[in-house]
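File shown here: protein_31.cif, holding mmCIF, C-alpha atoms.
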```cif
data_target
loop_
_atom_site.group_PDB
_atom_site.id
_atom_site.type_symbol
_atom_site.label_atom_id
_atom_site.label_comp_id
_atom_site.auth_asym_id
_atom_site.auth_seq_id
_atom_site.Cartn_x
_atom_site.Cartn_y
_atom_site.Cartn_z
ATOM 1 C CA MET D 1 45.703 4.134 -94.093
ATOM 2 C CA GLN D 2 43.270 1.349 -93.470
ATOM 3 C CA SER D 3 46.051 -1.013 -92.539
ATOM 4 C CA THR D 4 46.830 0.989 -89.352
ATOM 5 C CA PRO D 5 43.904 -0.440 -87.331
ATOM 6 C CA LEU D 6 44.771 -3.934 -88.547
ATOM 7 C CA ASN D 7 48.397 -3.430 -87.545
ATOM 8 C CA ALA D 8 47.316 -2.215 -84.111
ATOM 9 C CA ILE D 9 45.085 -5.248 -83.595
ATOM 10 C CA PHE D 10 47.875 -7.541 -84.726
ATOM 11 C CA LEU D 11 50.368 -5.925 -82.323
ATOM 12 C CA ILE D 12 47.956 -6.077 -79.391
ATOM 13 C CA ALA D 13 47.183 -9.732 -80.094
ATOM 14 C CA SER D 14 50.853 -10.647 -80.398
ATOM 15 C CA CYS D 15 51.688 -8.850 -77.146
ATOM 16 C CA ALA D 16 48.858 -10.626 -75.334
ATOM 17 C CA LEU D 17 50.015 -14.013 -76.557
ATOM 18 C CA SER D 18 53.669 -13.357 -75.806
ATOM 19 C CA THR D 19 53.013 -12.497 -72.129
ATOM 20 C CA GLY D 20 51.781 -15.996 -71.326
ATOM 21 C CA ALA D 21 53.300 -17.222 -68.084
ATOM 22 C CA THR D 22 55.600 -20.154 -68.437
ATOM 23 C CA ALA D 23 55.750 -22.615 -65.610
ATOM 24 C CA GLN D 24 58.952 -22.990 -63.680
ATOM 25 C CA ASN D 25 60.428 -26.400 -63.103
ATOM 26 C CA THR D 26 59.411 -28.108 -59.871
ATOM 27 C CA TYR D 27 61.855 -30.498 -58.281
ATOM 28 C CA LYS D 28 61.116 -33.305 -55.835
ATOM 29 C CA CYS D 29 63.887 -33.723 -53.294
ATOM 30 C CA GLY D 30 62.985 -36.699 -51.100
ATOM 31 C CA ASP D 31 59.644 -35.756 -49.513
ATOM 32 C CA ALA D 32 59.925 -32.016 -50.220
ATOM 33 C CA TYR D 33 59.184 -29.988 -53.347
ATOM 34 C CA SER D 34 61.279 -27.006 -54.395
ATOM 35 C CA GLN D 35 62.004 -24.628 -57.274
ATOM 36 C CA VAL D 36 65.729 -25.123 -56.677
ATOM 37 C CA PRO D 37 67.232 -28.469 -57.680
ATOM 38 C CA CYS D 38 69.039 -30.536 -55.102
ATOM 39 C CA PRO D 39 71.345 -33.533 -55.559
ATOM 40 C CA GLY D 40 69.276 -36.431 -56.884
ATOM 41 C CA ALA D 41 66.212 -34.257 -57.568
ATOM 42 C CA ARG D 42 63.519 -35.338 -60.020
ATOM 43 C CA VAL D 43 61.728 -32.839 -62.286
ATOM 44 C CA ILE D 44 57.956 -32.907 -61.714
ATOM 45 C CA ASP D 45 55.414 -31.847 -64.365
ATOM 46 C CA ALA D 46 53.213 -29.414 -62.416
ATOM 47 C CA THR D 47 51.066 -28.152 -65.298
ATOM 48 C CA ASP D 48 47.293 -28.387 -65.078
ATOM 49 C CA SER D 49 46.282 -31.077 -67.563
ATOM 50 C CA ARG D 50 42.525 -30.512 -67.188
ATOM 51 C CA THR D 51 40.421 -29.128 -69.985
ATOM 52 C CA PRO D 52 38.609 -25.806 -69.428
ATOM 53 C CA ALA D 53 35.325 -27.712 -69.075
ATOM 54 C CA GLN D 54 36.811 -29.957 -66.375
ATOM 55 C CA LYS D 55 38.197 -26.947 -64.505
ATOM 56 C CA THR D 56 34.813 -25.179 -64.641
ATOM 57 C CA GLN D 57 33.060 -28.304 -63.376
ATOM 58 C CA ALA D 58 35.554 -28.688 -60.508
ATOM 59 C CA ASP D 59 35.103 -25.013 -59.554
ATOM 60 C CA LEU D 60 31.305 -25.455 -59.482
ATOM 61 C CA VAL D 61 31.597 -28.515 -57.247
ATOM 62 C CA THR D 62 33.983 -26.678 -54.918
ATOM 63 C CA GLY D 63 31.561 -23.746 -54.638
ATOM 64 C CA ARG D 64 28.646 -26.083 -53.937
ATOM 65 C CA VAL D 65 30.606 -27.875 -51.202
ATOM 66 C CA ALA D 66 31.578 -24.543 -49.608
ATOM 67 C CA ARG D 67 27.946 -23.352 -49.571
ATOM 68 C CA THR D 68 26.819 -26.663 -48.045
ATOM 69 C CA ALA D 69 29.507 -26.391 -45.346
ATOM 70 C CA ASP D 70 28.407 -22.834 -44.497
ATOM 71 C CA ALA D 71 24.765 -23.936 -44.228
ATOM 72 C CA MET D 72 25.735 -26.856 -41.991
ATOM 73 C CA GLU D 73 27.761 -24.534 -39.732
ATOM 74 C CA LYS D 74 24.837 -22.105 -39.383
ATOM 75 C CA ALA D 75 22.481 -24.971 -38.532
ATOM 76 C CA ARG D 76 24.928 -26.317 -35.946
ATOM 77 C CA LEU D 77 25.328 -22.916 -34.294
ATOM 78 C CA GLN D 78 21.551 -22.446 -34.133
ATOM 79 C CA GLN D 79 21.124 -25.907 -32.607
ATOM 80 C CA GLU D 80 23.849 -25.216 -30.032
ATOM 81 C CA LYS D 81 22.134 -21.949 -29.097
ATOM 82 C CA ILE D 82 18.807 -23.734 -28.634
ATOM 83 C CA ASP D 83 20.427 -26.529 -26.604
ATOM 84 C CA SER D 84 22.312 -24.154 -24.324
ATOM 85 C CA ALA D 85 19.130 -22.143 -23.686
ATOM 86 C CA ALA D 86 17.209 -25.331 -22.872
ATOM 87 C CA ASN D 87 19.925 -26.601 -20.512
ATOM 88 C CA ALA D 88 20.316 -23.332 -18.611
ATOM 89 C CA SER D 89 18.387 -23.469 -15.327
ATOM 90 C CA PRO D 90 17.293 -20.213 -13.675
ATOM 91 C CA VAL D 91 17.591 -21.684 -10.137
ATOM 92 C CA PRO D 92 20.966 -23.095 -9.063
ATOM 93 C CA PRO D 93 20.918 -26.662 -7.677
ATOM 94 C CA ALA D 94 20.771 -27.154 -3.906
ATOM 95 C CA HIS D 95 24.361 -28.329 -3.617
ATOM 96 C CA MET D 96 25.506 -25.116 -5.312
ATOM 97 C CA GLU D 97 23.585 -23.009 -2.773
ATOM 98 C CA ASN D 98 25.324 -24.806 0.101
ATOM 99 C CA ALA D 99 28.714 -24.215 -1.477
ATOM 100 C CA SER D 100 28.055 -20.508 -1.863
ATOM 101 C CA ALA D 101 26.891 -20.249 1.776
ATOM 102 C CA ALA D 102 30.063 -21.997 2.916
ATOM 103 C CA GLY D 103 32.120 -19.614 0.835
ATOM 104 C CA THR D 104 30.648 -16.576 2.626
ATOM 105 C CA THR D 105 31.585 -17.940 6.057
ATOM 106 C CA GLN D 106 35.150 -18.437 4.902
ATOM 107 C CA ALA D 107 35.237 -14.882 3.650
ATOM 108 C CA LYS D 108 34.268 -13.602 7.129
ATOM 109 C CA LYS D 109 37.552 -14.794 8.639
ATOM 110 C CA LYS D 110 39.837 -12.067 9.871
ATOM 111 C CA LYS D 111 42.382 -10.948 7.389
ATOM 112 C CA ARG D 112 45.711 -9.444 8.202
ATOM 113 C CA LYS D 113 45.591 -5.703 7.793
ATOM 114 C CA ALA D 114 47.730 -4.449 4.943
ATOM 115 C CA PRO D 115 50.203 -1.714 5.915
ATOM 116 C CA ASP D 116 49.595 1.824 4.739
ATOM 117 C CA TYR D 117 52.933 1.886 2.949
ATOM 118 C CA PHE D 118 54.999 -0.612 1.011
ATOM 119 C CA THR D 119 58.166 -2.114 2.422
ATOM 120 C CA ALA D 120 60.284 -4.323 0.213
ATOM 121 C CA GLN D 121 61.622 -7.468 1.854
ATOM 122 C CA ALA D 122 63.847 -10.230 0.579
ATOM 123 C CA PRO D 123 62.451 -13.761 0.677
ATOM 124 C CA GLY D 124 62.935 -15.377 4.081
ATOM 125 C CA GLU D 125 63.609 -12.036 5.801
ATOM 126 C CA LYS D 126 60.632 -12.447 8.150
ATOM 127 C CA LYS D 127 61.898 -15.824 9.348
ATOM 128 C CA LYS D 128 65.340 -14.382 10.161
ATOM 129 C CA ALA D 129 63.799 -11.477 12.038
ATOM 130 C CA ALA D 130 61.605 -13.872 14.045
ATOM 131 C CA LYS D 131 64.650 -15.991 14.945
ATOM 132 C CA LYS D 132 66.569 -12.891 16.137
ATOM 133 C CA ILE D 133 63.675 -11.837 18.352
ATOM 134 C CA THR D 134 63.397 -15.284 19.951
ATOM 135 C CA ALA D 135 67.181 -15.369 20.398
ATOM 136 C CA LYS D 136 67.068 -12.001 22.182
ATOM 137 C CA LYS D 137 64.262 -13.229 24.455
ATOM 138 C CA ASP D 138 66.227 -16.341 25.302
ATOM 139 C CA ALA D 139 69.344 -14.253 26.040
ATOM 140 C CA THR D 140 67.428 -11.947 28.405
ATOM 141 C CA LYS D 141 65.952 -14.919 30.311
ATOM 142 C CA SER D 142 69.353 -16.435 31.090
#
```
Kindly transcribe the structure held in the file into structure tokens.
Amino acid sequence: MQSTPLNAIFLIASCALSTGATAQNTYKCGDAYSQVPCPGARVIDATDSRTPAQKTQADLVTGRVARTADAMEKARLQQEKIDSAANASPVPPAHMENASAAGTTQAKKKKRKAPDYFTAQAPGEKKKAAKKITAKKDATKS
């Protein structure tokens, strides 16, 4: 009766160990890597040869670098905000005022009145109609 818990622990441990993922072969075909071999492919050992301590140390360094990069980005954005606020002038320069005044006089030019309805025309149709009208005028003069 007491052997049942020990058997259960043994079965659970054996199942956990047997489900370990095995690495697939990685092949190098020229400059590309693939899981499918090609003619002349070389098998590459892609297993992680680091110890758990080395992996932990590398993960800590990676996290530290990421935090430093985030802090640098925040500082850069704050500095850009300060610089853009300092460079913004409330009064436009004199040459900009002259350009805007010139733009208003151009806007006052008469524009052709748009028709109340839409009429579709093929490209170049207006030129043909103008030529027919001038041809009719010339015919009536002779």
Q: Give me, please, the distance in Å between atom CA of D:Ala58 and atom CA of D:Ala46, quoted to one decimal.
A: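 Going from atom CA of D:Ala58 over to atom CA of D:Ala46 covers 17.8 Å.
The two atoms in question, atom CA of D:Thr68 and atom CA of D:Ala53, are spaced 22.7 Å apart.
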Q) Can you list what the PyMOL selection byres ((chain D and resi 36) around 10) grabs from this structure, as a list in words? A)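 This file gives the following for the PyMOL selection byres ((chain D and resi 36) around 10): Gln24, Asn25, Thr26, Tyr27, Lys28, Cys29, Tyr33, Ser34, Gln35, Pro37, Cys38 and Ala41 of chain D.
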Q.
Between atom CA of D:Ala66 and atom CA of D:Ser84, what distance in Å does the model show, to one decimal?
A.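 Spanning atom CA of D:Ala66 to atom CA of D:Ser84 is a straight-line distance of 26.9 Å.
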Centre and edge lengths, as AutoDock Vina command-line options, for the axis-aligned box enclosing every listed atom of stretch 110-119 of chain D with 3 Å of padding on each of the six sides, in Å to one decimal?
```
--center_x 49.0 --center_y -5.1 --center_z 5.4 --size_x 24.3 --size_y 20.0 --size_z 14.9
```
